[in-house]
Amino acid sequence: MKKVRLKDLAQMAGVSETTVSLVLNGRPSRISQAKRDEIEALAELHHYRANHLARSLSTQTTHTIGLIVPDIENPFFATVAKVITNTLSKEGYMVLIANSDESLEADKRLIKELLDRQVDGLILCVSNESNASQAFYEKVIQKIDVPYVLLDRGYQNVDENQVLFDSYYGSYIATQYLIEKGHTGIACITGKLDTFVGKRRLEGYTAAMADANLHVDEAMIFEGDFRYKSAQVHVPQIIANEMITAVFASNDIMAYALVSELLKQQDRDIEVVGYDNLELSNMFGYVIASVAQDVEALGSHAVSILFEGIKNKKKLPNVVLKPYLHKV
């Protein structure tokens, strides 16, 4: 069967190729609904498929965006990917999602592969390894030759094309909440402390403790990497320390590593506050207070900045969003 072209559909419908293109791409026009229905019926009848390769060659765009996340198993990043995919889909863009598995080398390889596929832009939530490396930003990210946005995990002293949450503020209000509930022995499970996000969440915790004139005991600070197992190794030590009556965990995944053990030990009462406000409580049947982040706003701002780069070749100042505490 001969493949039907846009030109063929135009002749069948008695309209121009431009008219057919407007209808099939859902673009606004003055074409009557009856003619729209006719063109769409003809396209379906003859199994018309747009030639995206030819369009890309003529327009020098592919209408694809690359999205790299560090851990697709983490519900937070899965939600981020869903929001961005849905937002870009409404604008006619397809998203190629890649998972770096928290590896700097994977970040480098995936960026190259996506650029080789001629994506129009990149949205990057880099791995912990990459986030800890200023050299990675200078030698890899700054050399990207398409518009890009850094998402959630940013770099200190970079003032453009980043969309971030205020991690310092989020951890501050989480710790403050525990202090207001009468706790003084408050431990902290941190993220990677060589990353910007990890450091800022620890700084927010220590600032809240200092403002309440509470001593920060180094023995109550446990470094994780935002993954379940990284917190799990510290759980026995936390439970054994009777001075600890509450814990602020730098994300919900690590918080529930502690919660899962506390549910087994009914005689140990430790209040836990997390970060990300994930739906994990539905899985554990145990609800904790958690710092909530507006992922819809995160995705919307990221896409807006990316489009400013694609359409107008401009970079925009960082967007820093305020989280809030979801209490129980």
# chains A, B, ... in the order shown; residues from 1 in each chain; ligands from 1
call {"tool": "closest_atom_pairs", "arguments": {"of": "region 102-133 of chain A", "to": "region 79-83 of chain A", "cutoff": "12 Å", "atoms": "only C-alpha atoms", "output": "tab-separated table"}}
result
residue	atom	partner	partner_atom	distance
A:Ile123	CA	A:Ala81	CA	10.0
A:Leu124	CA	A:Ala81	CA	10.8
A:Cys125	CA	A:Val80	CA	9.8
call {"tool": "write_last_selection", "arguments": {"atoms": "C-alpha atoms", "output": "short mmCIF file (atom, residue, chain, number, x, y, z; two decimals), in the first residue's frame"}}
result
data_model
loop_
_atom_site.label_atom_id
_atom_site.label_comp_id
_atom_site.auth_asym_id
_atom_site.auth_seq_id
_atom_site.Cartn_x
_atom_site.Cartn_y
_atom_site.Cartn_z
CA ILE A 123 16.06 19.09 32.07
CA LEU A 124 18.63 17.75 34.51
CA CYS A 125 18.26 16.52 38.05
#
call {"tool": "residues_around", "arguments": {"residues": "region 45-50 of chain A", "least_positions_apart": "5", "cutoff": "8 Å", "atoms": "only C-alpha atoms", "output": "PyMOL selection string"}}
result
chain A and resi 3-6
call {"tool": "residues_around", "arguments": {"residues": "Gly26 (chain A)", "least_positions_apart": "4", "cutoff": "10 Å", "atoms": "only C-alpha atoms", "output": "list in words"}}
result
Val20, Ser21, Leu22, Arg36 and Gly92 of chain A
call {"tool": "write_last_selection", "arguments": {"atoms": "N, CA, C and O atoms", "output": "mmCIF file, in the first residue's frame"}}
result
data_model
loop_
_atom_site.group_PDB
_atom_site.id
_atom_site.type_symbol
_atom_site.label_atom_id
_atom_site.label_comp_id
_atom_site.auth_asym_id
_atom_site.auth_seq_id
_atom_site.Cartn_x
_atom_site.Cartn_y
_atom_site.Cartn_z
ATOM 1 N N VAL A 20 -4.224 21.233 6.310
ATOM 2 C CA VAL A 20 -4.180 19.865 6.846
ATOM 3 C C VAL A 20 -3.250 19.796 8.049
ATOM 4 O O VAL A 20 -3.568 19.188 9.076
ATOM 5 N N SER A 21 -2.105 20.439 7.929
ATOM 6 C CA SER A 21 -1.126 20.436 9.019
ATOM 7 C C SER A 21 -1.703 21.083 10.274
ATOM 8 O O SER A 21 -1.531 20.572 11.386
ATOM 9 N N LEU A 22 -2.398 22.199 10.121
ATOM 10 C CA LEU A 22 -3.006 22.882 11.264
ATOM 11 C C LEU A 22 -4.019 21.984 11.968
ATOM 12 O O LEU A 22 -4.049 21.904 13.207
ATOM 13 N N ARG A 36 -12.693 20.148 9.501
ATOM 14 C CA ARG A 36 -11.771 19.496 10.436
ATOM 15 C C ARG A 36 -12.096 18.006 10.547
ATOM 16 O O ARG A 36 -11.221 17.147 10.469
ATOM 17 N N GLY A 92 3.176 19.759 22.837
ATOM 18 C CA GLY A 92 3.566 19.039 21.625
ATOM 19 C C GLY A 92 4.957 18.441 21.661
ATOM 20 O O GLY A 92 5.519 18.092 20.609
#
call {"tool": "residues_around", "arguments": {"residues": "Asp166 (chain A)", "least_positions_apart": "3", "cutoff": "10 Å", "atoms": "only C-alpha atoms", "output": "list of chain:residue names"}}
result
A:Asp152, A:Val163, A:Tyr169, A:Gly170, A:Ser171, A:Val197, A:Arg200, A:Arg201, A:Gly204, A:Gln293, A:Val319, A:Val320, A:Leu321, A:Lys322, A:Pro323, A:Tyr324
call {"tool": "write_last_selection", "arguments": {"atoms": "all heavy atoms", "output": "CSV table (one decimal), in the first residue's frame"}}
result
chain,number,residue,atom,x,y,z
A,152,ASP,N,15.9,20.8,41.0
A,152,ASP,CA,15.9,20.3,42.4
A,152,ASP,C,17.3,20.3,43.0
A,152,ASP,O,17.5,20.8,44.1
A,152,ASP,CB,15.3,18.9,42.4
A,152,ASP,CG,15.1,18.4,43.9
A,152,ASP,OD1,14.5,19.1,44.7
A,152,ASP,OD2,15.7,17.4,44.2
A,163,VAL,N,15.9,25.5,39.0
A,163,VAL,CA,14.6,25.6,39.7
A,163,VAL,C,14.8,24.7,40.9
A,163,VAL,O,14.9,23.5,40.8
A,163,VAL,CB,13.4,25.1,38.9
A,163,VAL,CG1,12.1,25.3,39.6
A,163,VAL,CG2,13.4,25.9,37.6
A,169,TYR,N,15.2,26.2,54.5
A,169,TYR,CA,13.9,26.6,55.1
A,169,TYR,C,13.1,25.4,55.5
A,169,TYR,O,12.5,25.3,56.5
A,169,TYR,CB,13.1,27.5,54.2
A,169,TYR,CG,11.8,27.9,54.7
A,169,TYR,CD1,11.6,28.8,55.7
A,169,TYR,CD2,10.6,27.3,54.2
A,169,TYR,CE1,10.3,29.1,56.2
A,169,TYR,CE2,9.4,27.6,54.7
A,169,TYR,CZ,9.2,28.5,55.7
A,169,TYR,OH,8.0,28.8,56.2
A,170,GLY,N,13.1,24.4,54.5
A,170,GLY,CA,12.3,23.2,54.8
A,170,GLY,C,12.8,22.4,56.0
A,170,GLY,O,12.0,22.0,56.8
A,171,SER,N,14.1,22.3,56.1
A,171,SER,CA,14.6,21.5,57.3
A,171,SER,C,14.5,22.3,58.6
A,171,SER,O,14.3,21.8,59.7
A,171,SER,CB,16.1,21.1,57.0
A,171,SER,OG,16.9,22.2,56.8
A,197,VAL,N,22.3,20.2,48.3
A,197,VAL,CA,21.0,20.0,49.0
A,197,VAL,C,21.3,19.3,50.4
A,197,VAL,O,20.7,19.7,51.4
A,197,VAL,CB,20.1,19.0,48.2
A,197,VAL,CG1,18.9,18.6,49.0
A,197,VAL,CG2,19.7,19.7,46.9
A,200,ARG,N,22.5,22.0,52.8
A,200,ARG,CA,21.5,23.0,53.2
A,200,ARG,C,20.5,22.4,54.2
A,200,ARG,O,20.0,23.1,55.1
A,200,ARG,CB,20.8,23.6,51.9
A,200,ARG,CG,21.7,24.4,51.0
A,200,ARG,CD,22.2,25.6,51.8
A,200,ARG,NE,21.2,26.7,51.9
A,200,ARG,CZ,21.3,27.7,52.7
A,200,ARG,NH1,22.4,27.9,53.5
A,200,ARG,NH2,20.4,28.6,52.7
A,201,ARG,N,20.2,21.2,54.0
A,201,ARG,CA,19.2,20.6,54.9
A,201,ARG,C,19.8,20.4,56.3
A,201,ARG,O,19.1,20.5,57.3
A,201,ARG,CB,18.6,19.3,54.3
A,201,ARG,CG,17.7,19.6,53.1
A,201,ARG,CD,17.0,18.4,52.6
A,201,ARG,NE,16.3,18.8,51.4
A,201,ARG,CZ,15.6,18.0,50.6
A,201,ARG,NH1,15.5,16.7,50.9
A,201,ARG,NH2,15.0,18.4,49.5
A,204,GLY,N,19.8,23.9,57.9
A,204,GLY,CA,18.5,24.3,58.4
A,204,GLY,C,18.2,23.7,59.8
A,204,GLY,O,17.7,24.3,60.7
A,293,GLN,N,6.5,19.7,49.1
A,293,GLN,CA,7.1,20.5,48.0
A,293,GLN,C,6.1,20.4,46.8
A,293,GLN,O,5.6,19.4,46.5
A,293,GLN,CB,8.4,19.9,47.6
A,293,GLN,CG,9.4,19.9,48.7
A,293,GLN,CD,10.8,19.4,48.3
A,293,GLN,OE1,11.8,20.1,48.2
A,293,GLN,NE2,10.9,18.1,48.0
A,319,VAL,N,14.8,30.1,40.1
A,319,VAL,CA,13.6,30.1,40.8
A,319,VAL,C,13.7,29.3,42.1
A,319,VAL,O,14.1,28.1,42.0
A,319,VAL,CB,12.4,29.6,39.9
A,319,VAL,CG1,11.1,29.5,40.8
A,319,VAL,CG2,12.2,30.4,38.7
A,320,VAL,N,13.5,29.8,43.2
A,320,VAL,CA,13.6,29.1,44.5
A,320,VAL,C,12.2,29.1,45.1
A,320,VAL,O,11.6,30.1,45.5
A,320,VAL,CB,14.6,29.8,45.5
A,320,VAL,CG1,14.7,29.0,46.7
A,320,VAL,CG2,16.0,29.9,44.8
A,321,LEU,N,11.7,27.9,45.3
A,321,LEU,CA,10.3,27.7,45.8
A,321,LEU,C,10.3,27.4,47.3
A,321,LEU,O,11.2,26.6,47.8
A,321,LEU,CB,9.6,26.5,45.0
A,321,LEU,CG,9.6,26.7,43.5
A,321,LEU,CD1,9.1,25.4,42.9
A,321,LEU,CD2,8.6,27.9,43.1
A,322,LYS,N,9.3,27.8,48.0
A,322,LYS,CA,9.2,27.6,49.4
A,322,LYS,C,8.4,26.3,49.7
A,322,LYS,O,7.3,26.2,49.3
A,322,LYS,CB,8.5,28.8,50.1
A,322,LYS,CG,9.4,30.0,50.3
A,322,LYS,CD,10.3,29.9,51.5
A,322,LYS,CE,11.0,31.2,51.7
A,322,LYS,NZ,12.0,31.1,52.8
A,323,PRO,N,9.0,25.4,50.5
A,323,PRO,CA,8.2,24.2,50.9
A,323,PRO,C,7.4,24.6,52.1
A,323,PRO,O,7.5,25.7,52.6
A,323,PRO,CB,9.3,23.2,51.3
A,323,PRO,CG,10.5,24.1,51.7
A,323,PRO,CD,10.4,25.3,50.9
A,324,TYR,N,6.6,23.7,52.6
A,324,TYR,CA,5.8,23.9,53.8
A,324,TYR,C,5.7,22.6,54.5
A,324,TYR,O,5.9,21.5,54.0
A,324,TYR,CB,4.4,24.4,53.4
A,324,TYR,CG,3.5,23.5,52.6
A,324,TYR,CD1,2.6,22.6,53.2
A,324,TYR,CD2,3.6,23.5,51.2
A,324,TYR,CE1,1.9,21.7,52.5
A,324,TYR,CE2,2.8,22.6,50.5
A,324,TYR,CZ,2.0,21.7,51.1
A,324,TYR,OH,1.2,20.9,50.4
call {"tool": "closest_atom_pairs", "arguments": {"of": "region 86-127 of chain A", "to": "region 223-240 of chain A", "cutoff": "12 Å", "atoms": "only C-alpha atoms", "output": "tab-separated table"}}
result
residue	atom	partner	partner_atom	distance
A:Asp101	CA	A:Arg227	CA	11.1
A:Glu102	CA	A:Asp225	CA	9.6
A:Ser127	CA	A:Asp225	CA	10.5
call {"tool": "atom_distance", "arguments": {"atom1": "CA of Asp276 (chain A)", "atom2": "CA of Ala249 (chain A)"}}
result
10.2 Å
call {"tool": "select_by_dssp", "arguments": {"residues": "region 145-310 of chain A", "states": "helix (DSSP H, G or I)", "output": "PyMOL selection string"}}
result
chain A and resi 167-180+196-211+218-220+228-232+235-240+252-262+281-284+295-310
call {"tool": "closest_residue", "arguments": {"among": "A:Ser250, A:Thr190, A:Asn74, A:Thr64", "to": "Leu115 (chain A)", "atoms": "only C-alpha atoms"}}
result
A:Thr64
call {"tool": "atom_distance", "arguments": {"atom1": "CA of Ile244 (chain A)", "atom2": "CA of Phe76 (chain A)"}}
result
27.8 Å
call {"tool": "residues_around", "arguments": {"residues": "Tyr286 (chain A)", "least_positions_apart": "2", "cutoff": "12 Å", "atoms": "only C-alpha atoms", "output": "PyMOL selection string"}}
result
chain A and resi 255-256+258-263+271-273+279-284+288-289+328
call {"tool": "closest_residue", "arguments": {"among": "A:Thr184, A:Tyr275, A:Gly121, A:Glu40", "to": "Leu9 (chain A)", "atoms": "only C-alpha atoms"}}
result
A:Glu40
call {"tool": "atom_distance", "arguments": {"atom1": "CA of Pro70 (chain A)", "atom2": "CA of Gly198 (chain A)"}}
result
14.7 Å
call {"tool": "residues_around", "arguments": {"residues": "Ser100 (chain A)", "least_positions_apart": "6", "cutoff": "8 Å", "atoms": "only C-alpha atoms", "output": "list in words"}}
result
Ile68, Val69, Pro70, Asp71, Ala106, Asp107, Leu110, Val126 and Ser127 of chain A
call {"tool": "closest_residue", "arguments": {"among": "A:Asn25, A:Asn86, A:Asn241, A:Asn131", "to": "Ala219 (chain A)", "atoms": "only C-alpha atoms"}}
result
A:Asn241
call {"tool": "residues_around", "arguments": {"residues": "Tyr137 (chain A)", "least_positions_apart": "5", "cutoff": "10 Å", "atoms": "only C-alpha atoms", "output": "list in words"}}
result
Val126, Ser130, Asn131, Ala132, Gln142, Lys143, Gly154, Tyr155 and Val158 of chain A
call {"tool": "write_last_selection", "arguments": {"atoms": "all heavy atoms", "output": "mmCIF file, in the first residue's frame"}}
result
data_model
loop_
_atom_site.group_PDB
_atom_site.id
_atom_site.type_symbol
_atom_site.label_atom_id
_atom_site.label_comp_id
_atom_site.auth_asym_id
_atom_site.auth_seq_id
_atom_site.Cartn_x
_atom_site.Cartn_y
_atom_site.Cartn_z
ATOM 1 N N VAL A 126 20.589 16.156 38.549
ATOM 2 C CA VAL A 126 21.837 15.410 38.506
ATOM 3 C C VAL A 126 21.987 14.467 39.699
ATOM 4 O O VAL A 126 21.303 14.598 40.711
ATOM 5 C CB VAL A 126 23.052 16.358 38.435
ATOM 6 C CG1 VAL A 126 23.007 17.199 37.172
ATOM 7 C CG2 VAL A 126 23.126 17.247 39.678
ATOM 8 N N SER A 130 27.446 13.994 40.849
ATOM 9 C CA SER A 130 27.585 15.177 39.988
ATOM 10 C C SER A 130 27.327 16.454 40.760
ATOM 11 O O SER A 130 27.988 17.474 40.547
ATOM 12 C CB SER A 130 26.621 15.083 38.807
ATOM 13 O OG SER A 130 26.862 13.918 38.044
ATOM 14 N N ASN A 131 26.363 16.409 41.677
ATOM 15 C CA ASN A 131 26.016 17.583 42.464
ATOM 16 C C ASN A 131 27.143 17.985 43.417
ATOM 17 O O ASN A 131 27.276 19.151 43.780
ATOM 18 C CB ASN A 131 24.732 17.315 43.248
ATOM 19 C CG ASN A 131 24.123 18.559 43.859
ATOM 20 O OD1 ASN A 131 23.747 18.569 45.014
ATOM 21 N ND2 ASN A 131 24.022 19.632 43.087
ATOM 22 N N ALA A 132 27.957 17.005 43.785
ATOM 23 C CA ALA A 132 29.081 17.276 44.687
ATOM 24 C C ALA A 132 30.309 17.790 43.945
ATOM 25 O O ALA A 132 31.295 18.165 44.574
ATOM 26 C CB ALA A 132 29.447 16.000 45.449
ATOM 27 N N GLN A 142 28.147 23.290 31.646
ATOM 28 C CA GLN A 142 28.331 24.570 30.970
ATOM 29 C C GLN A 142 28.664 24.421 29.485
ATOM 30 O O GLN A 142 28.547 25.388 28.732
ATOM 31 C CB GLN A 142 29.411 25.394 31.675
ATOM 32 C CG GLN A 142 28.934 26.027 32.967
ATOM 33 C CD GLN A 142 29.883 27.084 33.490
ATOM 34 O OE1 GLN A 142 31.082 26.852 33.618
ATOM 35 N NE2 GLN A 142 29.355 28.266 33.785
ATOM 36 N N LYS A 143 29.050 23.225 29.071
ATOM 37 C CA LYS A 143 29.390 23.008 27.669
ATOM 38 C C LYS A 143 28.219 22.445 26.853
ATOM 39 O O LYS A 143 28.354 22.188 25.658
ATOM 40 C CB LYS A 143 30.601 22.084 27.565
ATOM 41 C CG LYS A 143 31.880 22.736 28.105
ATOM 42 C CD LYS A 143 33.093 21.845 27.930
ATOM 43 C CE LYS A 143 34.344 22.542 28.455
ATOM 44 N NZ LYS A 143 35.555 21.686 28.310
ATOM 45 N N GLY A 154 20.705 21.809 42.702
ATOM 46 C CA GLY A 154 21.430 22.876 42.029
ATOM 47 C C GLY A 154 22.855 23.013 42.523
ATOM 48 O O GLY A 154 23.338 22.217 43.325
ATOM 49 N N TYR A 155 23.496 24.042 42.034
ATOM 50 C CA TYR A 155 24.881 24.336 42.402
ATOM 51 C C TYR A 155 24.954 25.696 43.089
ATOM 52 O O TYR A 155 24.309 26.656 42.654
ATOM 53 C CB TYR A 155 25.783 24.326 41.165
ATOM 54 C CG TYR A 155 26.012 22.936 40.598
ATOM 55 C CD1 TYR A 155 25.099 22.369 39.708
ATOM 56 C CD2 TYR A 155 27.118 22.189 40.975
ATOM 57 C CE1 TYR A 155 25.297 21.095 39.208
ATOM 58 C CE2 TYR A 155 27.330 20.911 40.476
ATOM 59 C CZ TYR A 155 26.416 20.373 39.599
ATOM 60 O OH TYR A 155 26.607 19.107 39.100
ATOM 61 N N VAL A 158 25.645 29.527 41.405
ATOM 62 C CA VAL A 158 25.097 29.554 40.044
ATOM 63 C C VAL A 158 23.755 30.263 40.141
ATOM 64 O O VAL A 158 22.894 29.851 40.912
ATOM 65 C CB VAL A 158 24.925 28.128 39.469
ATOM 66 C CG1 VAL A 158 24.216 28.183 38.117
ATOM 67 C CG2 VAL A 158 26.277 27.437 39.347
#
call {"tool": "select_by_dssp", "arguments": {"residues": "region 154-314 of chain A", "states": "strand (DSSP E)", "output": "list of chain:residue names"}}
result
A:Gln162, A:Val163, A:Leu164, A:Phe165, A:Ile186, A:Ala187, A:Cys188, A:Ile189, A:Thr190, A:Ile221, A:Phe222, A:Glu223, A:Ala246, A:Val247, A:Phe248, A:Ala249, A:Glu271, A:Val272, A:Val273, A:Gly274, A:Tyr275, A:Asp276, A:Ala289, A:Ser290, A:Val291, A:Ala292
